[in-house]
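Trainee: A single structure is presented below for examination.
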Amino acid sequence: MSINTVLYLHGFNSSPDSFKAQATERAMAALPQPVEFIAPQLDPEPAKAMAQIDAIIDSVANDSTARLGLIGSSMGGFYATCAAEQRGIEAVALINPAVHPAVFASEWVGQTHLNETNGSQVTIEPHFVDQLRQLQPAQISAPEHYLVMLGAVDEVLDYRQALAYYQGATIKVDAEGDHALESYVGDLPDVLAYFHLS
């Protein structure tokens, strides 16, 4: 059964205006069948971001005709995984997902980061780390529900962590891909096929 609603979750310090989000929206808009594309601006605080995501999923769940697919990039990939594991969502596409974000967030406590896409700033607070630890799924319950796209030269995340964590999923590795994973645009047909949209 094909997906008819796609929820795109951007990464840390990013936005729905990122090139991957925009490319995904264009790909969905070009489909012959209507697909609702939702890409919220996520709160930088993990618990608040998950509350936003849960509210959207609840809204979609109230529509008996809606069939939801998740796409998450980097930290958005972590949130997509949390939502999928909590809610039993069976169609999840991830782009360089953060696997254990509490680890690197703990190294950023006190740092202020500028979001170049919208000009906002966020300071990493100690409770962000605690929230990420609480959200972390211990393991992936159904790896067959995941399509994972990774860059082997990701300068932010070690792609080998995702290889291990999502073992059993459909995994594509770009040998020259960095964290931005610009090859994702070329992988969009695979994402559409995975969601049974092509």
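Chains: A, B, ... in order of the structure tokens. Residues: from 1 per chain. Ligands: from 1, in order shown.
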Which residues are close to stretch 17-19 of chain A, i.e. within 9 Å by only C-alpha atoms, leaving aside same-chain residues fewer than 6 positions away? Reply as a list in words.
Mentor: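 Here the answer would be His10, Thr117, Asn118, Glu182 and Val185 of chain A.
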Trainee: Tell me, which residues of stretch 6-187 of chain A carry DSSP strand (DSSP E), written as a VMD selection string?
Mentor: chain A and resid 6 to 9 36 to 38 68 to 73 92 to 95 112 to 114 121 to 123 146 to 151 170 to 174
Trainee: Could you save those same residues with N, CA and C atoms as a CSV table (one decimal), in the first residue's frame?
Mentor:
chain,number,residue,atom,x,y,z
A,6,VAL,N,3.7,12.3,3.8
A,6,VAL,CA,5.2,12.2,4.2
A,6,VAL,C,5.5,13.3,5.2
A,7,LEU,N,6.1,12.9,6.3
A,7,LEU,CA,6.6,13.8,7.3
A,7,LEU,C,8.1,13.8,7.2
A,8,TYR,N,8.6,15.0,6.9
A,8,TYR,CA,10.1,15.2,6.7
A,8,TYR,C,10.6,15.9,8.0
A,9,LEU,N,11.6,15.3,8.6
A,9,LEU,CA,12.2,15.9,9.8
A,9,LEU,C,13.7,16.3,9.5
A,36,GLU,N,0.5,14.4,0.6
A,36,GLU,CA,0.7,15.5,1.5
A,36,GLU,C,2.1,15.5,2.1
A,37,PHE,N,2.8,16.7,2.0
A,37,PHE,CA,4.2,16.8,2.4
A,37,PHE,C,4.2,17.7,3.6
A,38,ILE,N,4.7,17.2,4.8
A,38,ILE,CA,4.7,18.0,6.0
A,38,ILE,C,6.2,18.1,6.4
A,68,LEU,N,1.2,7.1,6.6
A,68,LEU,CA,2.3,7.9,6.8
A,68,LEU,C,3.6,7.3,6.6
A,69,GLY,N,4.5,8.0,5.9
A,69,GLY,CA,5.9,7.7,5.8
A,69,GLY,C,6.8,8.8,6.4
A,70,LEU,N,7.9,8.4,7.0
A,70,LEU,CA,8.8,9.3,7.6
A,70,LEU,C,10.1,9.4,6.9
A,71,ILE,N,10.6,10.7,6.7
A,71,ILE,CA,12.0,10.9,6.2
A,71,ILE,C,12.7,11.7,7.3
A,72,GLY,N,13.9,11.3,7.7
A,72,GLY,CA,14.6,12.1,8.6
A,72,GLY,C,16.1,12.2,8.3
A,73,SER,N,16.6,13.4,8.4
A,73,SER,CA,18.0,13.7,8.1
A,73,SER,C,18.8,14.0,9.4
A,92,VAL,N,10.1,4.2,6.8
A,92,VAL,CA,11.0,5.2,7.3
A,92,VAL,C,12.3,5.3,6.5
A,93,ALA,N,12.5,6.5,5.9
A,93,ALA,CA,13.7,6.7,5.1
A,93,ALA,C,14.7,7.6,5.9
A,94,LEU,N,15.9,7.3,6.1
A,94,LEU,CA,16.8,8.0,6.9
A,94,LEU,C,18.0,8.5,6.1
A,95,ILE,N,18.5,9.7,6.3
A,95,ILE,CA,19.7,10.3,5.6
A,95,ILE,C,20.7,10.6,6.7
A,112,THR,N,26.9,27.8,21.7
A,112,THR,CA,25.8,28.4,20.9
A,112,THR,C,26.0,28.2,19.4
A,113,HIS,N,25.0,27.8,18.8
A,113,HIS,CA,25.1,27.5,17.3
A,113,HIS,C,24.1,28.4,16.6
A,114,LEU,N,24.6,28.9,15.4
A,114,LEU,CA,23.8,29.7,14.6
A,114,LEU,C,23.2,28.9,13.5
A,121,GLN,N,19.4,31.2,16.8
A,121,GLN,CA,20.6,30.7,17.6
A,121,GLN,C,20.0,29.7,18.7
A,122,VAL,N,20.8,28.7,19.0
A,122,VAL,CA,20.4,27.8,20.1
A,122,VAL,C,21.7,27.4,20.9
A,123,THR,N,21.5,27.5,22.2
A,123,THR,CA,22.6,27.1,23.1
A,123,THR,C,22.2,25.7,23.6
A,146,TYR,N,13.0,0.1,7.5
A,146,TYR,CA,13.9,1.3,7.3
A,146,TYR,C,14.7,1.2,6.0
A,147,LEU,N,14.8,2.4,5.3
A,147,LEU,CA,15.7,2.6,4.2
A,147,LEU,C,16.7,3.6,4.7
A,148,VAL,N,18.0,3.3,4.7
A,148,VAL,CA,19.0,4.1,5.3
A,148,VAL,C,20.1,4.5,4.3
A,149,MET,N,20.3,5.8,4.1
A,149,MET,CA,21.2,6.3,3.1
A,149,MET,C,22.4,7.0,3.9
A,150,LEU,N,23.6,6.5,3.6
A,150,LEU,CA,24.7,7.0,4.4
A,150,LEU,C,25.9,7.5,3.5
A,151,GLY,N,26.6,8.4,4.0
A,151,GLY,CA,27.8,8.9,3.3
A,151,GLY,C,29.0,8.3,4.1
A,170,THR,N,17.4,-1.9,4.7
A,170,THR,CA,17.9,-1.6,3.4
A,170,THR,C,18.9,-0.4,3.5
A,171,ILE,N,20.2,-0.6,3.2
A,171,ILE,CA,21.2,0.4,3.4
A,171,ILE,C,21.9,0.7,2.1
A,172,LYS,N,22.0,2.0,1.8
A,172,LYS,CA,22.8,2.4,0.7
A,172,LYS,C,23.9,3.3,1.2
A,173,VAL,N,25.1,3.0,0.7
A,173,VAL,CA,26.3,3.8,1.2
A,173,VAL,C,26.9,4.5,0.0
A,174,ASP,N,27.0,5.8,0.0
A,174,ASP,CA,27.7,6.6,-1.0
A,174,ASP,C,29.2,6.7,-0.5
Trainee: Would you write out, as CSV, a table of all residues in stretch 17-132 of chain A that have an atom no more than 8 Å from an atom of stretch 140-145 of chain A, listing for each the closest atom pair and the distance in Å to one decimal, considering only C-alpha atoms and ordering rows by chain and rising residue number?
Mentor:
residue,atom,partner,partner_atom,distance
A:Glu85,CA,A:Ser141,CA,7.0
A:Ile89,CA,A:His145,CA,7.8
A:Glu90,CA,A:His145,CA,4.8
A:Ala91,CA,A:His145,CA,5.3
A:Val92,CA,A:His145,CA,6.2
Trainee: Of the candidates A:Tyr194, A:Glu107, A:Gly119, A:Gln131, which one gets nearest to A:Ser2 if we count only C-alpha atoms?
Mentor: A:Tyr194
Trainee: Excluding A:Ala30 and residues on its chain fewer than 3 positions from it, collect all residues at most 12 Å away from it, counting only C-alpha atoms, and give them as a PyMOL selection string.
Mentor: chain A and resi 23-27+33-37+188-189+192+197-198
Trainee: Could you produce a table of the residues of stretch 56-137 of chain A lying within 10 Å of stretch 156-160 of chain A, with the nearest pair of atoms per residue and their separation in Å rounded to one decimal, using only C-alpha atoms, ordered by chain and increasing residue number, as CSV?
Mentor:
residue,atom,partner,partner_atom,distance
A:Ser74,CA,A:Leu157,CA,8.5
A:Asn96,CA,A:Tyr159,CA,7.1
A:Pro97,CA,A:Leu157,CA,8.3
A:Ala98,CA,A:Leu157,CA,6.9
A:Val99,CA,A:Leu157,CA,8.5
A:His100,CA,A:Leu157,CA,9.6
A:Pro101,CA,A:Leu157,CA,9.4
A:Phe104,CA,A:Leu157,CA,9.2
Trainee: Residues of chain A in alpha helix (DSSP H) according to DSSP, as a ChimeraX atom specification?
Mentor: /A:19-29,46-61,75-87,101-107,126-135,159-165,184-194
Trainee: From the options A:Ala80, A:Ala175, A:Ala162, A:Met28, which residue's atoms come nearest to A:Ile53, counting only C-alpha atoms?
Mentor: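 Closest residue, counting only C-alpha atoms: A:Ala80.
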Trainee: Record the distance separating atom CA of A:Ala84 and atom CA of A:Thr5, expressed in Å with one decimal.
Mentor: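 Computing the Euclidean distance for atom CA of A:Ala84 and atom CA of A:Thr5 yields 14.6 Å.
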Trainee: Any idea what's packed within 10 Å of A:Gln86, counting only C-alpha atoms, ignoring anything in its chain fewer than 5 positions away? Could you give it as a count of residues only?
Mentor: 5
